[in-house]
4 protein chains.
Amino acid sequence: MNMSPKPSGTIPDRKIYERRESGVRSYARSMPRQFGRAQGVWMHDDQGGRYLDFLSGCSTLNYGHNHPLLKQALLDYIAADGITHGLDLHTDAKEDFLRAFEEVILTPRGLDYRMMFTGPTGTNAVEAAIKLARKITGREMVIAFTNGFHGMTLGALACTGNAAKRGGAGVPLSHVAHEPYYDYYGPEVDTAELLEQRLSDPSSGLDAPAAILVETVQGEGGLNAASPEWLRRIAEIAKAHGALLIIDDIQAGCGRTGGFFSFEGMGFTPDIITMAKSLSGMGLPFALTLFHPELDQWSPGEHNGTFRGNNHAFVTATAALRHFWSGDEFQRDVARRGALLETRLDRIAAEHGFETRGRGMMRGVNTGSGELASAVTAACFDAGLIIETSGAHDEVIKVLAPLIIDDATLATGLDILETKFRQAMAADYAVAAE
Amino acid sequence: MNMSPKPSGTIPDRKIYERRESGVRSYARSMPRQFGRAQGVWMHDDQGGRYLDFLSGCSTLNYGHNHPLLKQALLDYIAADGITHGLDLHTDAKEDFLRAFEEVILTPRGLDYRMMFTGPTGTNAVEAAIKLARKITGREMVIAFTNGFHGMTLGALACTGNAAKRGGAGVPLSHVAHEPYYDYYGPEVDTAELLEQRLSDPSSGLDAPAAILVETVQGEGGLNAASPEWLRRIAEIAKAHGALLIIDDIQAGCGRTGGFFSFEGMGFTPDIITMAKSLSGMGLPFALTLFHPELDQWSPGEHNGTFRGNNHAFVTATAALRHFWSGDEFQRDVARRGALLETRLDRIAAEHGFETRGRGMMRGVNTGSGELASAVTAACFDAGLIIETSGAHDEVIKVLAPLIIDDATLATGLDILETKFRQAMAADYAVAAE
Amino acid sequence: MNMSPKPSGTIPDRKIYERRESGVRSYARSMPRQFGRAQGVWMHDDQGGRYLDFLSGCSTLNYGHNHPLLKQALLDYIAADGITHGLDLHTDAKEDFLRAFEEVILTPRGLDYRMMFTGPTGTNAVEAAIKLARKITGREMVIAFTNGFHGMTLGALACTGNAAKRGGAGVPLSHVAHEPYYDYYGPEVDTAELLEQRLSDPSSGLDAPAAILVETVQGEGGLNAASPEWLRRIAEIAKAHGALLIIDDIQAGCGRTGGFFSFEGMGFTPDIITMAKSLSGMGLPFALTLFHPELDQWSPGEHNGTFRGNNHAFVTATAALRHFWSGDEFQRDVARRGALLETRLDRIAAEHGFETRGRGMMRGVNTGSGELASAVTAACFDAGLIIETSGAHDEVIKVLAPLIIDDATLATGLDILETKFRQAMAADYAVAAE
Amino acid sequence: MNMSPKPSGTIPDRKIYERRESGVRSYARSMPRQFGRAQGVWMHDDQGGRYLDFLSGCSTLNYGHNHPLLKQALLDYIAADGITHGLDLHTDAKEDFLRAFEEVILTPRGLDYRMMFTGPTGTNAVEAAIKLARKITGREMVIAFTNGFHGMTLGALACTGNAAKRGGAGVPLSHVAHEPYYDYYGPEVDTAELLEQRLSDPSSGLDAPAAILVETVQGEGGLNAASPEWLRRIAEIAKAHGALLIIDDIQAGCGRTGGFFSFEGMGFTPDIITMAKSLSGMGLPFALTLFHPELDQWSPGEHNGTFRGNNHAFVTATAALRHFWSGDEFQRDVARRGALLETRLDRIAAEHGFETRGRGMMRGVNTGSGELASAVTAACFDAGLIIETSGAHDEVIKVLAPLIIDDATLATGLDILETKFRQAMAADYAVAAE
């Protein structure tokens, strides 16, 4: 296997970025290369280097880069002058997607949802979800959770926990209360019961909620995976208090944690689901808000957006649904690979006295230190492995490899991680010993 | 010329839409066909009908559907496994876009802006713009205008004037004041001076603004075109009161009203510009927020988003910039065609005692009645012409033909409009005479 | 007549104020004396000086200081151990007040209101009024006006126009839009019609209002007196758009501008009225929110407050109502005296090319300059006349003499004002001529 | 001892209340009598009945009704034409109060505060406190607590926990987070540490607070008494996170729980203190916001109000301070009597398996049921004892006797309570046994 990142001296002239791109860019800072093409689990820079991608566009590329089948479907569609942009008009591509989603996803799971094509980003899907919940319930307050991440537009940002992101708003973020997530106060405290107590207390100061918005695994928040019991209890609490349960499945869905929906088999059904990231299968902008038919109380055009029908994404999403989700092979394969990942990460973590986090193919090691985690991921990058951190202090090294990675390549990447982890720890001890 | 929309009896089975797509859809209601492919100014339905597109995805398809040059660039890029999704990493496609934008757009116009790639929808670009303005000024209030339209996410929606859209928020929309737009109180009242008076009065109740957010021509608001003098005065007022001037060029930009930016030649330079819609040239989701380098005070990642680097859109946008905007031929052509459009619309309007609105290739007829306007556009659609309304009461018939339309086809479409207008008025008089 | 303010050298030791009283105090700065007792129109300082009071506690002492009749009623009540504090329990004093208000005020005017005893300050009465309007209409937005003043607590402060006051909130002040008051854009522009246009336009960005909150004469805002026609039109607009009309009569009511209510004889009836200031007649804290019986949709205790039944104030208020308002003598007397005041102020204003403002016994001269106005009022104070400024720039010298002042004393005060005005203008010209 | 409440058949004609007083009244509903006079611990109705007052105007009458000494001071002041209303001018009465507060309260306790005379109600004092904290810190969020009660105007209401009160706002109550109070999740969970964890977590969604606003004993919230350790920890947390600590001492202060300030001897010093209720000593409207001199960053007049200088209240407050607080006799007496109260309530509670709550002379029995508590208090009222409930479900019977009550009378009242409690329980059992 040939991973050959070039030494940093050969980085191309990047003055155009400094001159013309806003300093808000972030990943380009920790991965200072210029990338040209990508295929499957590999990204290639313009110096001939290639990189194993354990980031997958933050779980946007669950099926890898430019999957041949999706790519061909898109090429054919474009070549045939298929509708590229059609506002929310009916198109063949949209119909195909609706049918595929119904046949492949909803019907086999016994689920009944309507699809709302919001602006093609996760934050738009979240905005639509909370708008709908507020409209239906006539309530304003949304309960979100500590360390939750839901987007950057004002409505979604109010639901996001991260202080640095929140600080960018420039106005107070209102109408949202952040309650403690699963295990937030440690395993002894059942935070679902704390929430139940507050909602049942007419003098708690917590206004009656329109919705409870929750991720089953908090991607940006540090790969905290709520237990099915806790989530089921949250679902009960929402129902008992007249709130809609919104599962934000933008990062954990599309197979990342196992099923197509991350909550499958947990014994509850959300009222509303938000999806984006890997939905198009190829990294194209696409987002969905799903809700039970009886919740479909929008007036025509009450929430709209120019790009709400991204037909290219319909095409690749349809191909992805039919290819990966028609049977259970893919899902079983991911489950098996997730177990492999768990084993290896547990070993790495145990070696240094750390703990792992996450579920399925969405796992990481909590190093307890943002500095350490960054040192490890930077060393990995120099060795040709793209890998990132998450968590309140960026202290969790997260593995978000494409789900289609073969076992050997997964092992290769984890070998790099293991080595670089060990080296960083050694360097750390060396420093500490001085 | 063969326009052959099929009678409505042949509409395909649409139960899948009713069963699975949210009722929030809107355009599909007034244009109940299913579309399969499109090329240039023509859309084709699945019954063999073809339609002349005078809507252009609400100005998202200024260069028509699937322009051959853009299409080929995209096909080549996909075939070569070009990066599809790369978060905000540096990619060849992004570099090419940055260079093209600098060389073709900024440098020739003597403009100095940095580009922020927000989530690829207009509303995300607006959210980023107002967040930045609030962050920089430390103020919270944004001044927007009556009949303005800026998007559907909570921050942008607060800037949008439309009550039905606002009502979907489910929470009060705060931190924005809507001031009267150009000519809002008729030609006698200079609304810029009203604004100046209020801002200069420490007891007016209007808090010091972070930004003034304005469209040069209000697309959704009814094709109201502010005069250059008024806009220049607004720019002066913003500067005098320490507010940033944000031009929302999402609909009026990219040549729709003449120049690449709609404010060119008007004697002022915005602090921040938002772009989307026709930016990618082919209808792909793409949005930009531009601002002066000294305003680039974001922390890395302070505003982010999964799809902020849509590389497919970079590719087509670069091709579009270099093809259409390297010289002034396209722009002159559009200006000439806009004059043709003006002449024809003036004639239609004058025939019925109405007035025209707009600028460049963004023009319409104010019928004064939503019922009348809808009757006309519905009749046009039956005759194979896709055309829509805008305005507070949907009373303005708007012509948003692709800018690349040839004169003869433009005339054909306007002939249909003229005829259907006349028939609708006759029917109306007939009714009135009964 | 002996007015003998002492030279400032004899001001008592004021270190206790600097040491222990917050610097938020304001009047004590421009009137640096210590006052001990007061009777009628006169205040006495602790150095033997006496001052003619043309401020009347900002219209809180319409019947003068310690009116003998009110004072005696209160002394008797206290001596008899009348209930001082009784929460909102029924008391003899409250019953007497309710009866007096019904018999003397409501019945003769054919008005039907219920009384809500809010916390005994004007701002509490305004908070109760807007809460009720929002509760009843299910809407959140309140329309207030430029230069309006309604109080300092968060809900009322949002309705207040003054930027310095608003700036003290520390949070954005939301859910209120400030529309231009009568004549705000000069006599040519009918601002009521501007408001009607905005409210009738579903795309104006102005959300449907719960209430329109307006003063008939803006006390703090510069003695702007709206015309009866304008106010009547505002009442119509409120009704047409489903908003409740709230007249804030805290400063202009209780006879200050003529009738007991400032809107009497103007041809409309407010839905809600707020009163405070001179309501108790003797300067005791007392406030009322009045509304039509069908608007009395409060749940018991939904809005409460410890001091909502100030029985001492009930006693003096009852005495004041029965003494001053049982017949029309007082009102005619005030009208006559208001005319006198108008004549004198017109003369003073005309001498210097200025204009007068206001109505009834609530009048002033707009000097166009805060510096000039302050110079005049400071000189008046040194000459034994307590008089203050108002307006966005403190540019209006306002005369708020007790309504019970006799003509001769009123003339004496106005003589001082006239002289000091002339001297200040002369000094000003002298400076200008240098 | 002669308590002779009349049977309810003799209630006077109350049509005037139904006709003219808003239905928002509450206490008058559970105590349907009309009261005329009151002295010490006794209230007298207009039918010759007398009632022992265990409510004391919700702790507004700590020194009883119309205390002879205070009453005489006020009579003398009024008779001498002392200034009744003087805005915020310096007056003899204000100076006396400032001196008394400094000499009697601040200096002996080694405390250094400035006094801000807000509008004379508790809610105004709270509004001023949070405005100041926001202004000083530049932050918007205030942390309040579950079951906290702070007032009814919009800023204070946002800090209040009670859902019924909050629901009256008609707008969302923002910029406040309610955190769990002492023992909210039971004795096992240290809620101060939960708060510390959330504030230390940059991803908790809890914005950096301007202030932590807390009652040492929650009067309306059910007589929950926080431990000194917990309060001290809250003080540390506030300091560590740059927030100001505001003690709302409106109900628990002025001796109710022991010291003049309720936090005395607990080992911390608040940045800001709010006072009202018993401050005037006689039930007159009066409120204070105290803060450290370096926090006195108000501009003159930035927060004001017509009744911010209630001179009658200055007079009675000064008399009360000098009489009750010059030595420690009163305080020792209250402590002793509080112990008596505790013993008796413990006995009553134990008899029925309930628990007591509170501290000092602010104690009650948690019956666990609003129905039961109401049944007991209603029976007490019929027996001539005025007593009320508090708590989220009105389940706590609270004893707020005047602090000056003699031991025998206290015992008499408690005898009634004990008897009525027993009878209600017996009736309850009887019902349960059916």
# chains A, B, ... in the order shown; residues from 1 in each chain; ligands from 1

call {"tool": "select_by_dssp", "arguments": {"residues": "stretch 137-196 of chain A", "states": "alpha helix (DSSP H)", "output": "number ranges by chain"}}
result
A: 137, 154-157, 163-167, 191-196

call {"tool": "interface_residues", "arguments": {"of": "chain D", "to": "chain A", "cutoff": "8 Å", "atoms": "only C-alpha atoms", "output": "MDAnalysis selection string"}}
result
chainID D and resid 140 145:148 159:164 172 174:175 177:178 180 185 194 201:207 221 392:393

call {"tool": "write_last_selection", "arguments": {"atoms": "N, CA, C and O atoms", "output": "mmCIF file, in the first residue's frame"}}
result
data_model
loop_
_atom_site.group_PDB
_atom_site.id
_atom_site.type_symbol
_atom_site.label_atom_id
_atom_site.label_comp_id
_atom_site.auth_asym_id
_atom_site.auth_seq_id
_atom_site.Cartn_x
_atom_site.Cartn_y
_atom_site.Cartn_z
ATOM 1 N N GLU D 140 -25.451 38.741 28.559
ATOM 2 C CA GLU D 140 -26.906 38.863 28.577
ATOM 3 C C GLU D 140 -27.612 37.850 29.481
ATOM 4 O O GLU D 140 -28.695 38.099 29.976
ATOM 5 N N PHE D 145 -33.068 30.301 39.402
ATOM 6 C CA PHE D 145 -33.217 28.927 39.878
ATOM 7 C C PHE D 145 -34.660 28.433 39.794
ATOM 8 O O PHE D 145 -35.612 29.218 39.832
ATOM 9 N N THR D 146 -34.746 27.124 39.710
ATOM 10 C CA THR D 146 -36.057 26.489 39.787
ATOM 11 C C THR D 146 -36.807 26.993 41.020
ATOM 12 O O THR D 146 -36.210 27.177 42.084
ATOM 13 N N ASN D 147 -38.075 27.233 40.852
ATOM 14 C CA ASN D 147 -38.947 27.695 41.943
ATOM 15 C C ASN D 147 -38.647 29.106 42.449
ATOM 16 O O ASN D 147 -39.236 29.546 43.433
ATOM 17 N N GLY D 148 -37.734 29.799 41.778
ATOM 18 C CA GLY D 148 -37.454 31.174 42.179
ATOM 19 C C GLY D 148 -38.603 32.099 41.819
ATOM 20 O O GLY D 148 -39.337 31.860 40.870
ATOM 21 N N CYS D 159 -36.998 35.709 35.140
ATOM 22 C CA CYS D 159 -36.236 35.041 36.197
ATOM 23 C C CYS D 159 -37.135 34.212 37.112
ATOM 24 O O CYS D 159 -36.633 33.418 37.914
ATOM 25 N N THR D 160 -38.409 34.416 37.017
ATOM 26 C CA THR D 160 -39.364 33.712 37.872
ATOM 27 C C THR D 160 -39.663 32.340 37.272
ATOM 28 O O THR D 160 -39.788 32.216 36.055
ATOM 29 N N GLY D 161 -39.777 31.329 38.139
ATOM 30 C CA GLY D 161 -39.947 29.980 37.626
ATOM 31 C C GLY D 161 -41.384 29.568 37.334
ATOM 32 O O GLY D 161 -41.619 28.733 36.477
ATOM 33 N N ASN D 162 -42.314 30.169 38.028
ATOM 34 C CA ASN D 162 -43.698 29.720 37.983
ATOM 35 C C ASN D 162 -44.331 29.830 36.586
ATOM 36 O O ASN D 162 -44.414 30.912 36.008
ATOM 37 N N ALA D 163 -44.806 28.707 36.086
ATOM 38 C CA ALA D 163 -45.317 28.635 34.712
ATOM 39 C C ALA D 163 -46.558 29.497 34.518
ATOM 40 O O ALA D 163 -46.734 30.110 33.465
ATOM 41 N N ALA D 164 -47.433 29.553 35.511
ATOM 42 C CA ALA D 164 -48.659 30.336 35.355
ATOM 43 C C ALA D 164 -48.321 31.819 35.257
ATOM 44 O O ALA D 164 -48.893 32.553 34.446
ATOM 45 N N PRO D 172 -42.094 35.242 24.611
ATOM 46 C CA PRO D 172 -41.131 34.340 25.238
ATOM 47 C C PRO D 172 -40.246 35.106 26.218
ATOM 48 O O PRO D 172 -39.902 36.263 25.982
ATOM 49 N N SER D 174 -36.796 35.466 27.733
ATOM 50 C CA SER D 174 -35.480 35.095 27.236
ATOM 51 C C SER D 174 -34.359 35.606 28.135
ATOM 52 O O SER D 174 -34.572 36.343 29.076
ATOM 53 N N HIS D 175 -33.164 35.156 27.799
ATOM 54 C CA HIS D 175 -31.930 35.634 28.420
ATOM 55 C C HIS D 175 -31.781 35.196 29.875
ATOM 56 O O HIS D 175 -31.039 35.813 30.640
ATOM 57 N N ALA D 177 -31.536 31.459 32.279
ATOM 58 C CA ALA D 177 -31.568 29.998 32.402
ATOM 59 C C ALA D 177 -31.893 29.653 33.842
ATOM 60 O O ALA D 177 -31.333 30.236 34.765
ATOM 61 N N HIS D 178 -32.816 28.718 34.006
ATOM 62 C CA HIS D 178 -33.163 28.275 35.364
ATOM 63 C C HIS D 178 -32.397 27.004 35.696
ATOM 64 O O HIS D 178 -32.622 25.964 35.086
ATOM 65 N N PRO D 180 -31.121 24.112 38.637
ATOM 66 C CA PRO D 180 -31.725 23.492 39.828
ATOM 67 C C PRO D 180 -31.225 24.139 41.124
ATOM 68 O O PRO D 180 -30.030 24.291 41.333
ATOM 69 N N TYR D 185 -32.776 18.128 43.214
ATOM 70 C CA TYR D 185 -32.810 16.714 42.824
ATOM 71 C C TYR D 185 -32.595 15.805 44.037
ATOM 72 O O TYR D 185 -32.116 14.684 43.913
ATOM 73 N N LEU D 194 -23.320 20.680 39.784
ATOM 74 C CA LEU D 194 -23.886 20.556 38.441
ATOM 75 C C LEU D 194 -23.718 21.879 37.687
ATOM 76 O O LEU D 194 -23.336 21.911 36.513
ATOM 77 N N ASP D 201 -17.937 23.947 31.104
ATOM 78 C CA ASP D 201 -17.954 23.197 29.860
ATOM 79 C C ASP D 201 -18.277 24.152 28.709
ATOM 80 O O ASP D 201 -19.380 24.669 28.630
ATOM 81 N N PRO D 202 -17.302 24.386 27.818
ATOM 82 C CA PRO D 202 -17.564 25.361 26.744
ATOM 83 C C PRO D 202 -18.575 24.860 25.725
ATOM 84 O O PRO D 202 -18.896 25.573 24.793
ATOM 85 N N SER D 203 -19.077 23.688 25.913
ATOM 86 C CA SER D 203 -20.008 23.145 24.936
ATOM 87 C C SER D 203 -21.336 22.764 25.595
ATOM 88 O O SER D 203 -22.111 21.995 25.053
ATOM 89 N N SER D 204 -21.597 23.342 26.750
ATOM 90 C CA SER D 204 -22.803 22.954 27.490
ATOM 91 C C SER D 204 -24.047 23.682 26.997
ATOM 92 O O SER D 204 -25.161 23.348 27.380
ATOM 93 N N GLY D 205 -23.851 24.709 26.168
ATOM 94 C CA GLY D 205 -25.004 25.471 25.706
ATOM 95 C C GLY D 205 -25.438 26.550 26.677
ATOM 96 O O GLY D 205 -26.340 27.331 26.378
ATOM 97 N N LEU D 206 -24.804 26.590 27.828
ATOM 98 C CA LEU D 206 -25.130 27.621 28.820
ATOM 99 C C LEU D 206 -24.192 28.810 28.584
ATOM 100 O O LEU D 206 -22.978 28.699 28.797
ATOM 101 N N ASP D 207 -24.739 29.911 28.121
ATOM 102 C CA ASP D 207 -23.901 31.060 27.812
ATOM 103 C C ASP D 207 -23.315 31.660 29.093
ATOM 104 O O ASP D 207 -23.882 31.537 30.173
ATOM 105 N N GLY D 221 -41.561 29.927 46.285
ATOM 106 C CA GLY D 221 -41.229 28.612 45.730
ATOM 107 C C GLY D 221 -41.428 27.468 46.693
ATOM 108 O O GLY D 221 -41.171 26.314 46.357
ATOM 109 N N ALA D 392 -44.712 25.105 44.330
ATOM 110 C CA ALA D 392 -45.103 24.893 42.935
ATOM 111 C C ALA D 392 -46.545 24.437 42.822
ATOM 112 O O ALA D 392 -47.251 24.774 41.877
ATOM 113 N N HIS D 393 -46.982 23.665 43.795
ATOM 114 C CA HIS D 393 -48.355 23.166 43.779
ATOM 115 C C HIS D 393 -49.161 23.727 44.943
ATOM 116 O O HIS D 393 -50.149 23.149 45.346
#

call {"tool": "residues_around", "arguments": {"residues": "B:Val217", "least_positions_apart": "3", "cutoff": "12 Å", "atoms": "only C-alpha atoms", "output": "ChimeraX atom specification"}}
result
/B:145,147-149,181-182,214,220-228,230-231,247-253,256-258,261-263,357-364,391

call {"tool": "residues_around", "arguments": {"residues": "A:Leu321", "least_positions_apart": "6", "cutoff": "10 Å", "atoms": "only C-alpha atoms", "output": "PDB file with all heavy atoms, in the first residue's frame"}}
result
ATOM      1  N   PHE A  97     -36.404   9.238  -6.462  1.00  0.00           N
ATOM      2  CA  PHE A  97     -35.913   9.274  -5.078  1.00  0.00           C
ATOM      3  C   PHE A  97     -37.032   8.971  -4.092  1.00  0.00           C
ATOM      4  O   PHE A  97     -36.864   8.169  -3.152  1.00  0.00           O
ATOM      5  CB  PHE A  97     -35.283  10.628  -4.755  1.00  0.00           C
ATOM      6  CG  PHE A  97     -34.897  10.731  -3.319  1.00  0.00           C
ATOM      7  CD1 PHE A  97     -33.754  10.083  -2.838  1.00  0.00           C
ATOM      8  CD2 PHE A  97     -35.687  11.412  -2.397  1.00  0.00           C
ATOM      9  CE1 PHE A  97     -33.407  10.131  -1.494  1.00  0.00           C
ATOM     10  CE2 PHE A  97     -35.345  11.472  -1.054  1.00  0.00           C
ATOM     11  CZ  PHE A  97     -34.206  10.828  -0.603  1.00  0.00           C
ATOM     12  N   ALA A 100     -37.739   5.301  -4.196  1.00  0.00           N
ATOM     13  CA  ALA A 100     -36.669   4.505  -3.599  1.00  0.00           C
ATOM     14  C   ALA A 100     -36.693   4.627  -2.076  1.00  0.00           C
ATOM     15  O   ALA A 100     -36.542   3.641  -1.347  1.00  0.00           O
ATOM     16  CB  ALA A 100     -35.307   4.946  -4.147  1.00  0.00           C
ATOM     17  N   PHE A 101     -36.907   5.843  -1.600  1.00  0.00           N
ATOM     18  CA  PHE A 101     -36.921   6.039  -0.148  1.00  0.00           C
ATOM     19  C   PHE A 101     -38.090   5.296   0.478  1.00  0.00           C
ATOM     20  O   PHE A 101     -37.963   4.690   1.547  1.00  0.00           O
ATOM     21  CB  PHE A 101     -36.998   7.533   0.189  1.00  0.00           C
ATOM     22  CG  PHE A 101     -36.502   7.858   1.565  1.00  0.00           C
ATOM     23  CD1 PHE A 101     -35.155   8.146   1.775  1.00  0.00           C
ATOM     24  CD2 PHE A 101     -37.344   7.862   2.663  1.00  0.00           C
ATOM     25  CE1 PHE A 101     -34.672   8.437   3.059  1.00  0.00           C
ATOM     26  CE2 PHE A 101     -36.874   8.146   3.941  1.00  0.00           C
ATOM     27  CZ  PHE A 101     -35.532   8.433   4.143  1.00  0.00           C
ATOM     28  N   GLU A 103     -39.676   2.596  -0.853  1.00  0.00           N
ATOM     29  CA  GLU A 103     -39.557   1.147  -1.028  1.00  0.00           C
ATOM     30  C   GLU A 103     -38.403   0.548  -0.223  1.00  0.00           C
ATOM     31  O   GLU A 103     -38.531  -0.535   0.347  1.00  0.00           O
ATOM     32  CB  GLU A 103     -39.353   0.809  -2.519  1.00  0.00           C
ATOM     33  CG  GLU A 103     -40.573   1.074  -3.377  1.00  0.00           C
ATOM     34  CD  GLU A 103     -40.244   1.004  -4.870  1.00  0.00           C
ATOM     35  OE1 GLU A 103     -39.211   0.396  -5.231  1.00  0.00           O
ATOM     36  OE2 GLU A 103     -41.018   1.584  -5.654  1.00  0.00           O
ATOM     37  N   VAL A 104     -37.292   1.261  -0.235  1.00  0.00           N
ATOM     38  CA  VAL A 104     -36.084   0.683   0.361  1.00  0.00           C
ATOM     39  C   VAL A 104     -35.985   0.999   1.858  1.00  0.00           C
ATOM     40  O   VAL A 104     -35.527   0.169   2.641  1.00  0.00           O
ATOM     41  CB  VAL A 104     -34.822   1.191  -0.380  1.00  0.00           C
ATOM     42  CG1 VAL A 104     -33.559   0.663   0.272  1.00  0.00           C
ATOM     43  CG2 VAL A 104     -34.886   0.792  -1.845  1.00  0.00           C
ATOM     44  N   ILE A 105     -36.411   2.186   2.229  1.00  0.00           N
ATOM     45  CA  ILE A 105     -36.214   2.602   3.630  1.00  0.00           C
ATOM     46  C   ILE A 105     -37.500   2.491   4.449  1.00  0.00           C
ATOM     47  O   ILE A 105     -37.544   1.795   5.467  1.00  0.00           O
ATOM     48  CB  ILE A 105     -35.671   4.053   3.693  1.00  0.00           C
ATOM     49  CG1 ILE A 105     -34.355   4.168   2.911  1.00  0.00           C
ATOM     50  CG2 ILE A 105     -35.512   4.509   5.141  1.00  0.00           C
ATOM     51  CD1 ILE A 105     -33.240   3.277   3.402  1.00  0.00           C
ATOM     52  N   CYS A 254     -27.702   7.242   8.036  1.00  0.00           N
ATOM     53  CA  CYS A 254     -27.150   6.702   6.785  1.00  0.00           C
ATOM     54  C   CYS A 254     -26.109   5.619   7.055  1.00  0.00           C
ATOM     55  O   CYS A 254     -25.081   5.547   6.364  1.00  0.00           O
ATOM     56  CB  CYS A 254     -26.546   7.794   5.911  1.00  0.00           C
ATOM     57  SG  CYS A 254     -27.780   8.951   5.295  1.00  0.00           S
ATOM     58  N   PHE A 260     -29.988   2.379   8.803  1.00  0.00           N
ATOM     59  CA  PHE A 260     -30.104   3.598   7.999  1.00  0.00           C
ATOM     60  C   PHE A 260     -30.415   4.772   8.913  1.00  0.00           C
ATOM     61  O   PHE A 260     -29.833   5.844   8.789  1.00  0.00           O
ATOM     62  CB  PHE A 260     -31.179   3.440   6.928  1.00  0.00           C
ATOM     63  CG  PHE A 260     -31.276   4.637   6.050  1.00  0.00           C
ATOM     64  CD1 PHE A 260     -30.386   4.808   4.995  1.00  0.00           C
ATOM     65  CD2 PHE A 260     -32.220   5.630   6.274  1.00  0.00           C
ATOM     66  CE1 PHE A 260     -30.433   5.935   4.184  1.00  0.00           C
ATOM     67  CE2 PHE A 260     -32.270   6.761   5.471  1.00  0.00           C
ATOM     68  CZ  PHE A 260     -31.383   6.907   4.428  1.00  0.00           C
ATOM     69  N   LEU A 279     -26.613  11.602   2.825  1.00  0.00           N
ATOM     70  CA  LEU A 279     -27.867  11.262   2.179  1.00  0.00           C
ATOM     71  C   LEU A 279     -27.718  11.131   0.664  1.00  0.00           C
ATOM     72  O   LEU A 279     -28.266  10.222   0.041  1.00  0.00           O
ATOM     73  CB  LEU A 279     -28.911  12.324   2.533  1.00  0.00           C
ATOM     74  CG  LEU A 279     -30.350  12.043   2.141  1.00  0.00           C
ATOM     75  CD1 LEU A 279     -30.865  10.788   2.824  1.00  0.00           C
ATOM     76  CD2 LEU A 279     -31.233  13.234   2.524  1.00  0.00           C
ATOM     77  N   SER A 280     -26.969  12.057   0.056  1.00  0.00           N
ATOM     78  CA  SER A 280     -26.810  11.996  -1.405  1.00  0.00           C
ATOM     79  C   SER A 280     -25.834  10.890  -1.788  1.00  0.00           C
ATOM     80  O   SER A 280     -25.743  10.514  -2.946  1.00  0.00           O
ATOM     81  CB  SER A 280     -26.279  13.326  -1.939  1.00  0.00           C
ATOM     82  OG  SER A 280     -24.873  13.418  -1.733  1.00  0.00           O
ATOM     83  N   GLY A 281     -25.079  10.407  -0.846  1.00  0.00           N
ATOM     84  CA  GLY A 281     -24.186   9.292  -1.098  1.00  0.00           C
ATOM     85  C   GLY A 281     -22.865   9.677  -1.728  1.00  0.00           C
ATOM     86  O   GLY A 281     -21.889   8.924  -1.664  1.00  0.00           O
TER      87      GLY A 281
END

call {"tool": "residues_around", "arguments": {"residues": "stretch 294-307 of chain D", "least_positions_apart": "6", "cutoff": "8 Å", "atoms": "only C-alpha atoms", "output": "list in words"}}
result
Ser22, Gly23, Val24, Arg25, Ser26, Gly57, Cys58, Thr60, Thr121, Gly122, Thr123, Gly151, Met152, Ala164, Lys165, Gly168, Lys277, Gly283, Leu284 and Pro285 of chain C; His85, Leu87, Arg114, Thr118, Gly119, Pro120, Ala128, Leu132 and Ile136 of chain D
